[in-house]
Protein chains: 2
Amino acid sequence: MPQAKNDLFDEDLQELAQLYKALAHPARLQILKFLASRDACFCGDITEVVPLGRTTVNQHLTELKKAGLIQGTTRGAKTNYCLNQQGVDKLNTHGLSFCNSLQSKSCESSNC
Amino acid sequence: MPQAKNDLFDEDLQELAQLYKALAHPARLQILKFLASRDACFCGDITEVVPLGRTTVNQHLTELKKAGLIQGTTRGAKTNYCLNQQGVDKLNTHGLSFCNSLQSKSCESSNC
DNA sequence: AATGATTGACGTAAAAGTACGTCGATATGA
DNA sequence: TCATATCGACGTACTTTTACGTCAATCATT
């Protein structure tokens with residue numbers, strides 16, 4: 001993102017946009033869903049599920065971690081990734097409140 | 001986006017990612033909020049609210065229209081933009097169901 | 001110790017996004 | 001009619017994202 005210009009906006013909007021950006025790729029959505037479907041936060045085979053190269057998947061994982069939506073702990077040679085419930089909660093809270101703010105006035109007048 | 005590779009994913013995920021991408025910029029979030037705050041779907045002065053050049057704002061408006069979140073009708077020299085309630089509903093429905101799908105298993109085990 | 005597997009870090013090429021200037025078309029008002 | 005204003009279309013410079021190959025470090029296994 002053109003970081004420079006983003007500073008002109010409300011922090012709330014910046015933060016929310018940042019969250020949405022983390023979700024703006026099908027691979028990342030798939031990863032999140034996959035992690036949610038696992039009762040144990042087992043990982044590493046994410047690579048086998050996502051139809052992309054290993055390094056690319058890793059890059060998406062890094063993005064998600066940076067966004068605070070997942071967390072990963074390395075033990076031994078393998079790394080365990082799992083959802084960061086805090087981040088998911090944040091997404092729910094902020095996202096919902098934004099969506100609700102859009103519910104208000106629709107085009108009841110004849111203008112559009 | 002690398003459109004080519006996106007076809008490898010579920011249509012649902014692609015569509016949702018597309019929606020989120022439309023929200024992945026503070027200017028676009030601000031525009032949506034602004035439109036929602038207007039009882040009449042009056043516009044054109046969006047440019048005055050968003051701290052960016054006119055052409056850039058217009059570009060963001062085009063993005064939002066492409067995503068189906070707003071609609072615009074030109075009358076005379078001016079153009080009226082307003083929320084597309086259908087698109088907003090879609091965002092609410094799909095977005096919520098996705099977020100809910102993330103609620104499930106957190107890291108209750110000691111792995112992470 | 002040596003081999004193989006896992007994974008993050010780094011580099012890079014191609015694609016997409018961002019921001020803006022300019023132009024032309026249309027329309028409002030003097 | 002002429003000047004002015006609005007706005008979409010187009011071009012463009014710059015940044016970011018995406019996708020992947022390669023490398024090095026770490027660990028498990030032999």
# chains A, B, ... in the order shown; residues from 1 in each chain; ligands from 1
>>> residues_around(residues="DA13 of chain D", least_positions_apart="3", cutoff="12 Å", atoms="only C-alpha atoms (C1' of nucleotides)", output="PyMOL selection string")
chain C and resi 18-21
>>> write_last_selection(atoms="N, CA and C atoms (P, O5', C5', C4', C3', O3' and C1' of nucleotides)", output="short mmCIF file (atom, residue, chain, number, x, y, z; two decimals), in the first residue's frame")
data_model
loop_
_atom_site.label_atom_id
_atom_site.label_comp_id
_atom_site.auth_asym_id
_atom_site.auth_seq_id
_atom_site.Cartn_x
_atom_site.Cartn_y
_atom_site.Cartn_z
P DT C 18 -5.39 -0.12 -4.14
"O5'" DT C 18 -4.47 1.14 -4.41
"C5'" DT C 18 -3.20 1.19 -3.81
"C4'" DT C 18 -2.51 2.50 -4.16
"C3'" DT C 18 -3.39 3.74 -4.10
"O3'" DT C 18 -2.71 4.71 -3.33
"C1'" DT C 18 -2.22 3.67 -6.13
P DA C 19 -3.53 5.95 -2.71
"O5'" DA C 19 -3.11 7.15 -3.66
"C5'" DA C 19 -1.73 7.51 -3.74
"C4'" DA C 19 -1.52 8.42 -4.92
"C3'" DA C 19 -2.57 9.53 -5.07
"O3'" DA C 19 -1.95 10.79 -4.88
"C1'" DA C 19 -2.04 8.49 -7.15
P DC C 20 -2.85 12.09 -4.90
"O5'" DC C 20 -2.61 12.58 -6.39
"C5'" DC C 20 -1.29 12.71 -6.85
"C4'" DC C 20 -1.29 12.86 -8.36
"C3'" DC C 20 -2.19 14.00 -8.88
"O3'" DC C 20 -1.36 14.98 -9.47
"C1'" DC C 20 -2.30 12.04 -10.22
P DG C 21 -1.95 16.41 -9.76
"O5'" DG C 21 -1.60 16.59 -11.31
"C5'" DG C 21 -0.38 16.04 -11.80
"C4'" DG C 21 -0.42 15.98 -13.33
"C3'" DG C 21 -1.20 17.13 -13.97
"O3'" DG C 21 -0.49 17.60 -15.12
"C1'" DG C 21 -2.16 15.05 -14.61
#
>>> interface_residues(of="chain B", to="chain D", cutoff="10 Å", atoms="only C-alpha atoms (C1' of nucleotides)", output="PDB file with all heavy atoms, in the first residue's frame")
ATOM      1  N   MET B   1      -4.524  -8.146  -8.960  1.00  0.00           N
ATOM      2  CA  MET B   1      -4.320  -9.513  -8.410  1.00  0.00           C
ATOM      3  C   MET B   1      -3.860 -10.444  -9.517  1.00  0.00           C
ATOM      4  O   MET B   1      -4.218 -10.249 -10.669  1.00  0.00           O
ATOM      5  CB  MET B   1      -5.632 -10.004  -7.841  1.00  0.00           C
ATOM      6  CG  MET B   1      -6.620 -10.301  -8.959  1.00  0.00           C
ATOM      7  SD  MET B   1      -8.271  -9.712  -8.775  1.00  0.00           S
ATOM      8  CE  MET B   1      -8.200  -8.081  -9.471  1.00  0.00           C
ATOM      9  N   PRO B   2      -3.124 -11.459  -9.209  1.00  0.00           N
ATOM     10  CA  PRO B   2      -2.718 -12.437 -10.219  1.00  0.00           C
ATOM     11  C   PRO B   2      -3.903 -13.308 -10.592  1.00  0.00           C
ATOM     12  O   PRO B   2      -4.024 -14.445 -10.150  1.00  0.00           O
ATOM     13  CB  PRO B   2      -1.636 -13.257  -9.500  1.00  0.00           C
ATOM     14  CG  PRO B   2      -1.387 -12.584  -8.204  1.00  0.00           C
ATOM     15  CD  PRO B   2      -2.551 -11.729  -7.917  1.00  0.00           C
ATOM     16  N   LYS B   5      -3.816 -17.318 -11.261  1.00  0.00           N
ATOM     17  CA  LYS B   5      -3.726 -18.294 -10.187  1.00  0.00           C
ATOM     18  C   LYS B   5      -4.985 -18.361  -9.340  1.00  0.00           C
ATOM     19  O   LYS B   5      -5.246 -19.370  -8.683  1.00  0.00           O
ATOM     20  CB  LYS B   5      -2.536 -17.956  -9.297  1.00  0.00           C
ATOM     21  CG  LYS B   5      -1.199 -18.216  -9.941  1.00  0.00           C
ATOM     22  CD  LYS B   5      -0.894 -19.704  -9.958  1.00  0.00           C
ATOM     23  CE  LYS B   5       0.394 -19.987 -10.688  1.00  0.00           C
ATOM     24  NZ  LYS B   5       0.684 -21.428 -10.764  1.00  0.00           N
ATOM     25  N   GLY B  44     -20.694  13.636  -5.201  1.00  0.00           N
ATOM     26  CA  GLY B  44     -19.901  14.578  -5.971  1.00  0.00           C
ATOM     27  C   GLY B  44     -18.962  15.304  -5.046  1.00  0.00           C
ATOM     28  O   GLY B  44     -17.806  15.542  -5.385  1.00  0.00           O
ATOM     29  N   ARG B  54      -8.940  14.323  -7.121  1.00  0.00           N
ATOM     30  CA  ARG B  54     -10.236  13.954  -7.665  1.00  0.00           C
ATOM     31  C   ARG B  54     -10.163  12.684  -8.498  1.00  0.00           C
ATOM     32  O   ARG B  54     -11.004  11.791  -8.370  1.00  0.00           O
ATOM     33  CB  ARG B  54     -10.795  15.090  -8.534  1.00  0.00           C
ATOM     34  CG  ARG B  54     -12.279  14.999  -8.699  1.00  0.00           C
ATOM     35  CD  ARG B  54     -12.867  15.430 -10.035  1.00  0.00           C
ATOM     36  NE  ARG B  54     -11.996  15.469 -11.174  1.00  0.00           N
ATOM     37  CZ  ARG B  54     -12.149  14.662 -12.223  1.00  0.00           C
ATOM     38  NH1 ARG B  54     -13.079  13.736 -12.223  1.00  0.00           N
ATOM     39  NH2 ARG B  54     -11.368  14.777 -13.259  1.00  0.00           N
ATOM     40  N   THR B  55      -9.165  12.592  -9.331  1.00  0.00           N
ATOM     41  CA  THR B  55      -9.085  11.430 -10.204  1.00  0.00           C
ATOM     42  C   THR B  55      -8.874  10.144  -9.408  1.00  0.00           C
ATOM     43  O   THR B  55      -9.397   9.095  -9.773  1.00  0.00           O
ATOM     44  CB  THR B  55      -7.948  11.578 -11.218  1.00  0.00           C
ATOM     45  OG1 THR B  55      -6.810  12.114 -10.569  1.00  0.00           O
ATOM     46  CG2 THR B  55      -8.366  12.496 -12.338  1.00  0.00           C
ATOM     47  N   ASN B  58     -12.126   9.143  -7.895  1.00  0.00           N
ATOM     48  CA  ASN B  58     -12.948   8.576  -8.961  1.00  0.00           C
ATOM     49  C   ASN B  58     -12.556   7.119  -9.224  1.00  0.00           C
ATOM     50  O   ASN B  58     -13.411   6.263  -9.456  1.00  0.00           O
ATOM     51  CB  ASN B  58     -12.759   9.392 -10.235  1.00  0.00           C
ATOM     52  CG  ASN B  58     -14.029   9.443 -11.045  1.00  0.00           C
ATOM     53  OD1 ASN B  58     -14.719   8.445 -11.182  1.00  0.00           O
ATOM     54  ND2 ASN B  58     -14.355  10.603 -11.560  1.00  0.00           N
ATOM     55  N   GLN B  59     -11.272   6.886  -9.185  1.00  0.00           N
ATOM     56  CA  GLN B  59     -10.791   5.527  -9.409  1.00  0.00           C
ATOM     57  C   GLN B  59     -11.312   4.582  -8.319  1.00  0.00           C
ATOM     58  O   GLN B  59     -11.743   3.467  -8.611  1.00  0.00           O
ATOM     59  CB  GLN B  59      -9.272   5.562  -9.386  1.00  0.00           C
ATOM     60  CG  GLN B  59      -8.613   4.500 -10.205  1.00  0.00           C
ATOM     61  CD  GLN B  59      -7.140   4.820 -10.404  1.00  0.00           C
ATOM     62  OE1 GLN B  59      -6.781   5.969 -10.687  1.00  0.00           O
ATOM     63  NE2 GLN B  59      -6.305   3.837 -10.230  1.00  0.00           N
ATOM     64  N   THR B  62     -14.854   3.812  -8.912  1.00  0.00           N
ATOM     65  CA  THR B  62     -14.987   2.787  -9.949  1.00  0.00           C
ATOM     66  C   THR B  62     -14.770   1.397  -9.370  1.00  0.00           C
ATOM     67  O   THR B  62     -15.498   0.443  -9.704  1.00  0.00           O
ATOM     68  CB  THR B  62     -13.983   3.053 -11.082  1.00  0.00           C
ATOM     69  OG1 THR B  62     -14.171   4.379 -11.573  1.00  0.00           O
ATOM     70  CG2 THR B  62     -14.166   2.065 -12.208  1.00  0.00           C
ATOM     71  N   THR B  74     -25.784   9.089 -13.486  1.00  0.00           N
ATOM     72  CA  THR B  74     -25.426  10.421 -13.944  1.00  0.00           C
ATOM     73  C   THR B  74     -26.679  11.170 -14.369  1.00  0.00           C
ATOM     74  O   THR B  74     -27.488  10.656 -15.156  1.00  0.00           O
ATOM     75  CB  THR B  74     -24.454  10.329 -15.136  1.00  0.00           C
ATOM     76  OG1 THR B  74     -23.330   9.552 -14.763  1.00  0.00           O
ATOM     77  CG2 THR B  74     -23.993  11.709 -15.556  1.00  0.00           C
ATOM     78  N   GLY B  76     -27.466  15.023 -15.648  1.00  0.00           N
ATOM     79  CA  GLY B  76     -26.850  16.298 -15.963  1.00  0.00           C
ATOM     80  C   GLY B  76     -25.353  16.179 -15.868  1.00  0.00           C
ATOM     81  O   GLY B  76     -24.785  15.146 -16.204  1.00  0.00           O
ATOM     82  N   ALA B  77     -24.729  17.237 -15.395  1.00  0.00           N
ATOM     83  CA  ALA B  77     -23.274  17.220 -15.301  1.00  0.00           C
ATOM     84  C   ALA B  77     -22.814  16.432 -14.091  1.00  0.00           C
ATOM     85  O   ALA B  77     -21.685  15.962 -14.057  1.00  0.00           O
ATOM     86  CB  ALA B  77     -22.764  18.650 -15.223  1.00  0.00           C
ATOM     87  N   LYS B  78     -23.670  16.264 -13.118  1.00  0.00           N
ATOM     88  CA  LYS B  78     -23.259  15.628 -11.872  1.00  0.00           C
ATOM     89  C   LYS B  78     -23.643  14.153 -11.855  1.00  0.00           C
ATOM     90  O   LYS B  78     -24.509  13.717 -12.600  1.00  0.00           O
ATOM     91  CB  LYS B  78     -23.919  16.344 -10.684  1.00  0.00           C
ATOM     92  CG  LYS B  78     -23.547  17.809 -10.595  1.00  0.00           C
ATOM     93  CD  LYS B  78     -23.873  18.362  -9.226  1.00  0.00           C
ATOM     94  CE  LYS B  78     -23.324  19.777  -9.094  1.00  0.00           C
ATOM     95  NZ  LYS B  78     -23.539  20.318  -7.736  1.00  0.00           N
ATOM     96  N   THR B  79     -23.012  13.444 -10.989  1.00  0.00           N
ATOM     97  CA  THR B  79     -23.302  12.029 -10.826  1.00  0.00           C
ATOM     98  C   THR B  79     -23.658  11.739  -9.378  1.00  0.00           C
ATOM     99  O   THR B  79     -22.967  12.190  -8.470  1.00  0.00           O
ATOM    100  CB  THR B  79     -22.099  11.174 -11.232  1.00  0.00           C
ATOM    101  OG1 THR B  79     -21.766  11.451 -12.583  1.00  0.00           O
ATOM    102  CG2 THR B  79     -22.423   9.700 -11.093  1.00  0.00           C
TER     103      THR B  79
END
>>> select_by_dssp(residues="chain B", states="helix (DSSP H, G or I)", output="NGL selection string")
:B and (3-6 or 11-22 or 26-37 or 46-49 or 54-66 or 85-103)
>>> interface_residues(of="chain C", to="chain A", cutoff="12 Å", atoms="only C-alpha atoms (C1' of nucleotides)", output="VMD selection string")
chain C and resid 5 to 10 16 to 19
>>> residues_around(residues="Leu13 of chain A", least_positions_apart="4", cutoff="8 Å", atoms="only C-alpha atoms (C1' of nucleotides)", output="PyMOL selection string")
(chain A and resi 9+17) or (chain B and resi 26+29-30)
>>> write_last_selection(atoms="N, CA and C atoms", output="PDB file, in the first residue's frame")
ATOM      1  N   PHE A   9      -5.766   9.243   6.693  1.00  0.00           N
ATOM      2  CA  PHE A   9      -7.087   8.752   7.077  1.00  0.00           C
ATOM      3  C   PHE A   9      -7.150   8.454   8.572  1.00  0.00           C
ATOM      4  N   ALA A  17      -8.906  -1.372   7.217  1.00  0.00           N
ATOM      5  CA  ALA A  17      -8.473  -1.650   5.844  1.00  0.00           C
ATOM      6  C   ALA A  17      -7.335  -2.661   5.849  1.00  0.00           C
TER       7      ALA A  17
ATOM      8  N   PRO B  26      -8.397   2.451   3.044  1.00  0.00           N
ATOM      9  CA  PRO B  26      -9.116   3.386   3.914  1.00  0.00           C
ATOM     10  C   PRO B  26      -9.990   4.370   3.146  1.00  0.00           C
ATOM     11  N   LEU B  29     -13.235   2.688   2.391  1.00  0.00           N
ATOM     12  CA  LEU B  29     -14.043   2.554   3.604  1.00  0.00           C
ATOM     13  C   LEU B  29     -14.685   3.890   3.945  1.00  0.00           C
ATOM     14  N   GLN B  30     -13.904   4.944   3.825  1.00  0.00           N
ATOM     15  CA  GLN B  30     -14.413   6.274   4.140  1.00  0.00           C
ATOM     16  C   GLN B  30     -15.554   6.646   3.202  1.00  0.00           C
TER      17      GLN B  30
END
>>> atom_distance(atom1="atom CA of Tyr81 of chain A", atom2="atom CA of Leu96 of chain A")
25.6 Å
>>> select_by_dssp(residues="chain A", states="strand (DSSP E or B)", output="list in words")
Ile70, Gln71, Gly72, Thr73, Thr74, Arg75, Lys78, Thr79, Asn80, Tyr81, Cys82 and Leu83 of chain A
>>> closest_atom_pairs(of="chain B", to="chain A", cutoff="8 Å", atoms="only C-alpha atoms", output="tab-separated table")
residue	atom	partner	partner_atom	distance
B:Asn6	CA	A:Pro26	CA	7.0
B:Leu8	CA	A:Pro51	CA	6.5
B:Phe9	CA	A:Pro26	CA	6.5
B:Asp10	CA	A:Pro26	CA	8.0
B:Leu13	CA	A:Pro26	CA	5.1
B:Gln14	CA	A:Pro26	CA	5.3
B:Leu16	CA	A:Pro26	CA	7.7
B:Ala17	CA	A:Ala24	CA	4.4
B:Gln18	CA	A:Ala24	CA	6.4
B:Leu19	CA	A:Ala24	CA	7.6
B:Tyr20	CA	A:Ala24	CA	5.0
B:Lys21	CA	A:Ala24	CA	4.5
B:Leu23	CA	A:Tyr20	CA	6.2
B:Ala24	CA	A:Ala17	CA	4.4
B:His25	CA	A:Ala17	CA	5.1
B:Pro26	CA	A:Leu13	CA	5.1
B:Ala27	CA	A:Phe9	CA	7.3
B:Leu29	CA	A:Leu13	CA	6.6
B:Gln30	CA	A:Leu13	CA	7.1
B:Leu32	CA	A:Leu102	CA	7.1
B:Lys33	CA	A:Leu102	CA	6.4
B:Ala36	CA	A:Leu102	CA	5.3
B:Ser37	CA	A:Lys105	CA	7.1
B:Arg38	CA	A:Lys105	CA	7.0
B:Asp39	CA	A:Lys105	CA	5.7
B:Ala40	CA	A:Ser109	CA	6.6
B:Cys41	CA	A:Cys107	CA	6.2
B:Phe42	CA	A:Asn111	CA	7.9
B:Pro51	CA	A:Leu8	CA	6.5
B:Gln71	CA	A:Cys112	CA	7.8
B:Gly72	CA	A:Cys112	CA	6.9
B:Thr73	CA	A:Cys112	CA	5.9
B:Asn80	CA	A:Cys112	CA	6.8
B:Tyr81	CA	A:Cys112	CA	7.4
B:Cys82	CA	A:Cys107	CA	6.7
B:Leu83	CA	A:Ser106	CA	6.5
B:Asn84	CA	A:Ser106	CA	7.6
B:Gln85	CA	A:Ser106	CA	6.4
B:Val88	CA	A:Leu102	CA	7.3
B:Leu91	CA	A:Cys99	CA	7.9
B:Asn92	CA	A:Cys99	CA	6.5
B:Leu96	CA	A:Leu96	CA	7.9
B:Cys99	CA	A:Asn92	CA	6.5
B:Ser101	CA	A:Lys33	CA	7.0
B:Leu102	CA	A:Ala36	CA	5.3
B:Gln103	CA	A:Ala36	CA	7.4
B:Ser104	CA	A:Ala36	CA	6.2
B:Lys105	CA	A:Asp39	CA	5.7
B:Ser106	CA	A:Gln85	CA	6.4
B:Cys107	CA	A:Cys41	CA	6.2
B:Ser109	CA	A:Ala40	CA	6.6
B:Asn111	CA	A:Cys41	CA	6.8
B:Cys112	CA	A:Thr73	CA	5.9
>>> atom_distance(atom1="atom CA of Gly68 of chain B", atom2="atom CA of Gly87 of chain B")
5.2 Å
>>> atom_distance(atom1="atom CA of Ala67 of chain A", atom2="atom CA of Val49 of chain B")
27.9 Å
